[in-house]
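What follows is model22.txt (compact mmCIF, N, CA, C and O atoms).
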```
# COMPACT_ATOMS: atom_id res chain seq x y z
N MET A 1 -71.83 93.35 71.45
CA MET A 1 -72.05 92.83 72.78
C MET A 1 -70.83 91.99 73.18
O MET A 1 -70.38 91.14 72.43
N HIS A 2 -70.33 92.21 74.35
CA HIS A 2 -69.16 91.49 74.83
C HIS A 2 -69.57 90.47 75.88
O HIS A 2 -70.44 90.72 76.70
N SER A 3 -68.90 89.35 75.83
CA SER A 3 -69.16 88.28 76.78
C SER A 3 -68.10 88.30 77.87
O SER A 3 -66.96 88.69 77.63
N LEU A 4 -68.47 87.90 79.07
CA LEU A 4 -67.50 87.79 80.15
C LEU A 4 -66.55 86.62 79.92
O LEU A 4 -65.45 86.60 80.44
N VAL A 5 -66.97 85.64 79.13
CA VAL A 5 -66.14 84.49 78.81
C VAL A 5 -65.58 84.70 77.41
O VAL A 5 -66.32 84.82 76.44
N SER A 6 -64.25 84.78 77.31
CA SER A 6 -63.64 85.10 76.03
C SER A 6 -63.57 83.90 75.09
O SER A 6 -63.46 84.06 73.90
N GLU A 7 -63.60 82.71 75.61
CA GLU A 7 -63.57 81.52 74.78
C GLU A 7 -64.28 80.38 75.49
O GLU A 7 -64.57 80.46 76.67
N THR A 8 -64.55 79.34 74.74
CA THR A 8 -65.20 78.19 75.37
C THR A 8 -64.19 77.46 76.23
O THR A 8 -63.01 77.40 75.92
N ASP A 9 -64.66 76.94 77.33
CA ASP A 9 -63.82 76.18 78.25
C ASP A 9 -64.58 74.92 78.61
O ASP A 9 -65.52 74.95 79.39
N LEU A 10 -64.18 73.81 78.00
CA LEU A 10 -64.91 72.55 78.15
C LEU A 10 -64.51 71.75 79.38
O LEU A 10 -64.94 70.60 79.53
N ARG A 11 -63.73 72.35 80.27
CA ARG A 11 -63.36 71.64 81.49
C ARG A 11 -64.56 71.56 82.45
O ARG A 11 -65.40 72.44 82.48
N VAL A 12 -64.58 70.50 83.23
CA VAL A 12 -65.67 70.24 84.16
C VAL A 12 -65.54 71.12 85.40
O VAL A 12 -64.47 71.21 85.99
N MET A 13 -66.64 71.76 85.77
CA MET A 13 -66.69 72.51 87.02
C MET A 13 -67.38 71.68 88.10
O MET A 13 -66.91 71.60 89.23
N SER A 14 -68.51 71.06 87.75
CA SER A 14 -69.24 70.25 88.73
C SER A 14 -70.07 69.18 88.02
O SER A 14 -70.34 69.28 86.82
N VAL A 15 -70.44 68.17 88.80
CA VAL A 15 -71.24 67.06 88.29
C VAL A 15 -72.38 66.81 89.27
O VAL A 15 -72.17 66.81 90.48
N SER A 16 -73.57 66.61 88.75
CA SER A 16 -74.69 66.21 89.60
C SER A 16 -75.47 65.10 88.90
O SER A 16 -75.60 65.09 87.67
N ILE A 17 -75.93 64.16 89.70
CA ILE A 17 -76.66 63.00 89.16
C ILE A 17 -77.85 62.72 90.05
O ILE A 17 -77.73 62.66 91.27
N ASP A 18 -79.01 62.58 89.42
CA ASP A 18 -80.17 62.10 90.16
C ASP A 18 -80.61 60.79 89.51
O ASP A 18 -79.87 60.23 88.71
N ASP A 19 -81.77 60.30 89.83
CA ASP A 19 -82.21 59.00 89.31
C ASP A 19 -82.51 59.01 87.81
O ASP A 19 -82.63 57.95 87.21
N ASP A 20 -82.62 60.19 87.22
CA ASP A 20 -82.99 60.28 85.81
C ASP A 20 -81.97 60.96 84.91
O ASP A 20 -82.01 60.78 83.70
N ARG A 21 -81.06 61.76 85.50
CA ARG A 21 -80.25 62.64 84.65
C ARG A 21 -78.85 62.85 85.21
O ARG A 21 -78.65 62.92 86.42
N LEU A 22 -77.90 62.97 84.29
CA LEU A 22 -76.53 63.38 84.59
C LEU A 22 -76.38 64.81 84.09
O LEU A 22 -76.72 65.10 82.94
N ALA A 23 -75.93 65.70 84.95
CA ALA A 23 -75.72 67.10 84.56
C ALA A 23 -74.28 67.48 84.87
O ALA A 23 -73.81 67.26 85.98
N VAL A 24 -73.61 68.04 83.87
CA VAL A 24 -72.21 68.45 84.02
C VAL A 24 -72.12 69.94 83.71
O VAL A 24 -72.48 70.36 82.60
N GLU A 25 -71.68 70.71 84.69
CA GLU A 25 -71.48 72.15 84.49
C GLU A 25 -70.05 72.38 84.02
O GLU A 25 -69.10 71.88 84.63
N LEU A 26 -69.92 73.11 82.93
CA LEU A 26 -68.60 73.41 82.37
C LEU A 26 -68.08 74.74 82.90
O LEU A 26 -68.84 75.58 83.36
N MET A 27 -66.78 74.92 82.79
CA MET A 27 -66.14 76.15 83.27
C MET A 27 -66.66 77.40 82.56
O MET A 27 -66.64 78.48 83.13
N ASP A 28 -67.13 77.24 81.31
CA ASP A 28 -67.62 78.41 80.58
C ASP A 28 -69.08 78.72 80.88
O ASP A 28 -69.67 79.61 80.27
N GLY A 29 -69.69 77.98 81.83
CA GLY A 29 -71.05 78.28 82.26
C GLY A 29 -72.12 77.42 81.65
O GLY A 29 -73.26 77.41 82.12
N ARG A 30 -71.81 76.66 80.63
CA ARG A 30 -72.80 75.77 80.03
C ARG A 30 -73.04 74.56 80.93
O ARG A 30 -72.17 74.16 81.69
N VAL A 31 -74.22 73.98 80.80
CA VAL A 31 -74.57 72.75 81.51
C VAL A 31 -75.01 71.73 80.46
O VAL A 31 -75.88 72.01 79.64
N ILE A 32 -74.40 70.56 80.52
CA ILE A 32 -74.77 69.46 79.66
C ILE A 32 -75.63 68.51 80.51
O ILE A 32 -75.16 68.04 81.55
N ALA A 33 -76.84 68.24 80.09
CA ALA A 33 -77.72 67.33 80.83
C ALA A 33 -78.15 66.21 79.88
O ALA A 33 -78.61 66.49 78.77
N VAL A 34 -77.95 64.98 80.32
CA VAL A 34 -78.29 63.82 79.49
C VAL A 34 -79.02 62.79 80.34
O VAL A 34 -78.87 62.75 81.56
N PRO A 35 -79.81 61.94 79.70
CA PRO A 35 -80.50 60.89 80.44
C PRO A 35 -79.50 59.93 81.09
O PRO A 35 -78.54 59.49 80.44
N LEU A 36 -79.71 59.61 82.33
CA LEU A 36 -78.83 58.68 83.03
C LEU A 36 -78.87 57.29 82.38
O LEU A 36 -77.87 56.57 82.38
N ALA A 37 -79.97 56.95 81.76
CA ALA A 37 -80.12 55.66 81.09
C ALA A 37 -79.08 55.46 79.98
O ALA A 37 -78.80 54.32 79.59
N TRP A 38 -78.50 56.53 79.46
CA TRP A 38 -77.47 56.42 78.43
C TRP A 38 -76.20 55.76 78.96
O TRP A 38 -75.37 55.30 78.20
N TYR A 39 -76.03 55.76 80.28
CA TYR A 39 -74.81 55.25 80.91
C TYR A 39 -75.18 54.21 81.96
O TYR A 39 -75.33 54.52 83.14
N PRO A 40 -75.36 52.96 81.55
CA PRO A 40 -75.85 51.91 82.46
C PRO A 40 -75.02 51.72 83.73
O PRO A 40 -75.59 51.46 84.78
N ARG A 41 -73.71 51.87 83.64
CA ARG A 41 -72.90 51.73 84.86
C ARG A 41 -73.31 52.78 85.89
O ARG A 41 -73.40 52.47 87.08
N LEU A 42 -73.51 54.00 85.46
CA LEU A 42 -73.95 55.05 86.38
C LEU A 42 -75.38 54.80 86.84
O LEU A 42 -75.70 54.99 88.01
N ALA A 43 -76.23 54.40 85.93
CA ALA A 43 -77.63 54.17 86.27
C ALA A 43 -77.77 53.05 87.31
O ALA A 43 -78.65 53.13 88.17
N ASN A 44 -76.90 52.05 87.23
CA ASN A 44 -76.98 50.91 88.15
C ASN A 44 -76.14 51.10 89.41
O ASN A 44 -76.18 50.25 90.30
N ALA A 45 -75.41 52.18 89.50
CA ALA A 45 -74.56 52.45 90.67
C ALA A 45 -75.39 53.00 91.82
O ALA A 45 -76.49 53.52 91.63
N THR A 46 -74.83 52.88 93.02
CA THR A 46 -75.47 53.49 94.18
C THR A 46 -75.24 55.00 94.12
O THR A 46 -74.35 55.49 93.40
N GLN A 47 -76.03 55.74 94.88
CA GLN A 47 -75.84 57.19 94.90
C GLN A 47 -74.44 57.54 95.42
O GLN A 47 -73.79 58.46 94.91
N ALA A 48 -73.94 56.80 96.40
CA ALA A 48 -72.59 57.05 96.92
C ALA A 48 -71.54 56.84 95.83
O ALA A 48 -70.59 57.62 95.71
N GLN A 49 -71.70 55.80 95.01
CA GLN A 49 -70.76 55.56 93.91
C GLN A 49 -70.86 56.67 92.87
O GLN A 49 -69.85 57.08 92.31
N ARG A 50 -72.06 57.14 92.59
CA ARG A 50 -72.25 58.23 91.63
C ARG A 50 -71.59 59.52 92.10
O ARG A 50 -71.07 60.28 91.30
N GLU A 51 -71.65 59.77 93.38
CA GLU A 51 -71.11 61.01 93.93
C GLU A 51 -69.59 60.98 94.07
O GLU A 51 -68.97 62.03 94.24
N HIS A 52 -68.98 59.80 93.97
CA HIS A 52 -67.53 59.67 94.09
C HIS A 52 -66.91 59.73 92.69
O HIS A 52 -66.61 58.73 92.07
N TRP A 53 -66.73 60.95 92.20
CA TRP A 53 -66.15 61.16 90.88
C TRP A 53 -64.89 62.00 91.02
O TRP A 53 -64.69 62.69 92.00
N GLU A 54 -64.05 61.91 89.99
CA GLU A 54 -62.80 62.66 89.95
C GLU A 54 -62.67 63.31 88.58
O GLU A 54 -63.17 62.77 87.59
N LEU A 55 -61.96 64.43 88.53
CA LEU A 55 -61.63 65.01 87.24
C LEU A 55 -60.58 64.13 86.57
O LEU A 55 -59.71 63.57 87.23
N ALA A 56 -60.66 64.02 85.28
CA ALA A 56 -59.70 63.25 84.50
C ALA A 56 -59.30 64.07 83.27
O ALA A 56 -59.99 65.02 82.90
N GLY A 57 -58.20 63.69 82.66
CA GLY A 57 -57.80 64.34 81.40
C GLY A 57 -57.68 65.84 81.51
O GLY A 57 -58.22 66.55 80.68
N ALA A 58 -57.00 66.32 82.54
CA ALA A 58 -56.78 67.76 82.74
C ALA A 58 -58.09 68.53 82.90
O ALA A 58 -58.16 69.71 82.60
N GLY A 59 -59.14 67.85 83.37
CA GLY A 59 -60.42 68.51 83.60
C GLY A 59 -61.41 68.36 82.47
O GLY A 59 -62.55 68.81 82.57
N TYR A 60 -61.02 67.69 81.38
CA TYR A 60 -61.90 67.50 80.23
C TYR A 60 -62.66 66.18 80.31
O TYR A 60 -63.38 65.82 79.38
N GLY A 61 -62.52 65.48 81.42
CA GLY A 61 -63.21 64.21 81.60
C GLY A 61 -63.58 63.99 83.04
O GLY A 61 -63.13 64.71 83.94
N ILE A 62 -64.40 62.97 83.25
CA ILE A 62 -64.87 62.60 84.58
C ILE A 62 -64.62 61.11 84.74
O ILE A 62 -64.92 60.32 83.82
N HIS A 63 -64.11 60.71 85.90
CA HIS A 63 -63.84 59.31 86.19
C HIS A 63 -64.54 58.93 87.48
O HIS A 63 -64.46 59.66 88.47
N TRP A 64 -65.27 57.82 87.46
CA TRP A 64 -65.89 57.24 88.64
C TRP A 64 -65.11 55.98 88.99
O TRP A 64 -65.32 54.92 88.38
N PRO A 65 -64.18 56.06 89.95
CA PRO A 65 -63.31 54.91 90.24
C PRO A 65 -64.04 53.69 90.77
O PRO A 65 -63.62 52.55 90.50
N ASP A 66 -65.12 53.87 91.50
CA ASP A 66 -65.83 52.74 92.09
C ASP A 66 -66.53 51.85 91.05
O ASP A 66 -66.79 50.68 91.31
N ILE A 67 -66.84 52.43 89.89
CA ILE A 67 -67.55 51.65 88.85
C ILE A 67 -66.77 51.61 87.54
O ILE A 67 -67.28 51.12 86.53
N ASP A 68 -65.55 52.16 87.54
CA ASP A 68 -64.69 52.18 86.37
C ASP A 68 -65.40 52.77 85.14
O ASP A 68 -65.42 52.18 84.07
N GLU A 69 -65.97 53.95 85.32
CA GLU A 69 -66.65 54.66 84.23
C GLU A 69 -65.89 55.95 83.95
O GLU A 69 -65.45 56.63 84.88
N ASP A 70 -65.74 56.26 82.66
CA ASP A 70 -65.07 57.48 82.24
C ASP A 70 -65.90 58.15 81.15
O ASP A 70 -66.33 57.48 80.20
N LEU A 71 -66.12 59.45 81.28
CA LEU A 71 -66.82 60.23 80.27
C LEU A 71 -66.02 61.49 79.98
O LEU A 71 -65.40 62.05 80.88
N SER A 72 -66.06 61.94 78.74
CA SER A 72 -65.40 63.18 78.37
C SER A 72 -66.45 64.25 78.07
O SER A 72 -67.57 63.93 77.65
N THR A 73 -66.07 65.49 78.27
CA THR A 73 -67.01 66.57 77.95
C THR A 73 -67.27 66.61 76.44
O THR A 73 -68.40 66.87 76.02
N GLU A 74 -66.27 66.30 75.66
CA GLU A 74 -66.46 66.27 74.21
C GLU A 74 -67.50 65.22 73.82
O GLU A 74 -68.40 65.47 73.02
N GLY A 75 -67.39 64.03 74.41
CA GLY A 75 -68.36 62.98 74.13
C GLY A 75 -69.77 63.36 74.57
O GLY A 75 -70.74 63.10 73.87
N LEU A 76 -69.86 63.99 75.74
CA LEU A 76 -71.17 64.43 76.23
C LEU A 76 -71.78 65.46 75.28
O LEU A 76 -72.97 65.40 74.98
N LEU A 77 -70.97 66.40 74.82
CA LEU A 77 -71.47 67.42 73.89
C LEU A 77 -71.91 66.81 72.56
O LEU A 77 -72.83 67.31 71.92
N GLN A 78 -71.28 65.73 72.16
CA GLN A 78 -71.64 65.07 70.91
C GLN A 78 -72.81 64.10 71.07
O GLN A 78 -73.28 63.53 70.09
N GLY A 79 -73.26 63.91 72.31
CA GLY A 79 -74.38 63.01 72.54
C GLY A 79 -73.99 61.54 72.50
O GLY A 79 -74.83 60.69 72.22
N ALA A 80 -72.71 61.27 72.78
CA ALA A 80 -72.23 59.88 72.75
C ALA A 80 -72.76 59.11 73.95
O ALA A 80 -72.57 59.52 75.08
N ARG A 81 -73.39 58.01 73.68
CA ARG A 81 -73.89 57.11 74.72
C ARG A 81 -72.83 56.06 75.00
O ARG A 81 -71.91 55.85 74.23
N ALA A 82 -72.97 55.36 76.12
CA ALA A 82 -72.08 54.27 76.45
C ALA A 82 -72.26 53.18 75.40
O ALA A 82 -73.37 52.95 74.92
N PRO A 83 -71.16 52.50 75.03
CA PRO A 83 -71.30 51.38 74.08
C PRO A 83 -72.21 50.30 74.64
O PRO A 83 -72.22 50.07 75.85
N ARG A 84 -72.95 49.66 73.79
CA ARG A 84 -73.81 48.57 74.23
C ARG A 84 -72.96 47.39 74.66
O ARG A 84 -72.00 47.03 73.99
N GLN A 85 -73.34 46.79 75.77
CA GLN A 85 -72.65 45.62 76.27
C GLN A 85 -73.12 44.39 75.50
O GLN A 85 -74.31 44.21 75.27
N SER A 86 -72.18 43.56 75.09
CA SER A 86 -72.59 42.31 74.43
C SER A 86 -73.03 41.31 75.50
O SER A 86 -72.47 41.26 76.58
N THR A 87 -74.04 40.55 75.18
CA THR A 87 -74.58 39.59 76.17
C THR A 87 -74.13 38.19 75.89
O THR A 87 -73.66 37.83 74.88
```

So, in terms of structure tokens, how does the structure I just supplied come out?
Amino acid sequence: MHSLVSETDLRVMSVSIDDDRLAVELMDGRVIAVPLAWYPRLANATQAQREHWELAGAGYGIHWPDIDEDLSTEGLLQGARAPRQST
């Protein structure tokens, strides 16, 4: 069986965020969906701030300039959560 995608491509195609979940569609067709609670800056941001994202790292990362948050597709695939903030 042959696949239309010859190799994995971990670059970001699109990002969607609702009140519960962050979903990142990759160029190879996979979708990574994680709980928004894993990323407190995103969870506490306004919807407008969440929607204002940019590609980073040649497409292998996502940057939200309004809240200074950066995530990589590799980290998302590994299930990496945001570091805990010290109080």

(message) Could you check which residues have any atom within 8 Å of (-74.8, 51.3, 80.8), counting only C-alpha atoms with coordinates taken straight from the file, and then list them as a PyMOL selection string?
(response) chain A and resi 37-44+82-85

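Taking atom C of A:Asp20 as the reference point, atom O of A:Thr8 is found at 26.7 Å.
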
(message) For the structure I just gave you, how does DSSP split stretch 11-69 of chain A - specifically, which residues are strand (DSSP E or B)? Reply as number ranges by chain.
(response) A: 12-17, 21-26, 31-35, 54-56, 61-64, 69

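Among the candidate residues A:Ala45, A:Ala33, A:Ile67, A:Ile62, the one lying nearest to A:Gly79 is A:Ala33, with distances computed using only C-alpha atoms.
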
(message) I need the residues of stretch 10-56 of chain A that end up classed as alpha helix (DSSP H) by DSSP on the backbone, written out as an NGL selection string.
(response) :A and (40-44 or 47-51)

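Neighbouring residues of A:Ile17 at 8 Å or closer, counting all atoms listed in the file and skipping chain neighbours under 3 positions away, are Ser14, Asp20, Arg21, Leu22, Ala23, Val24, Val34, Leu36, Gln47, Arg50 and Glu51 of chain A.
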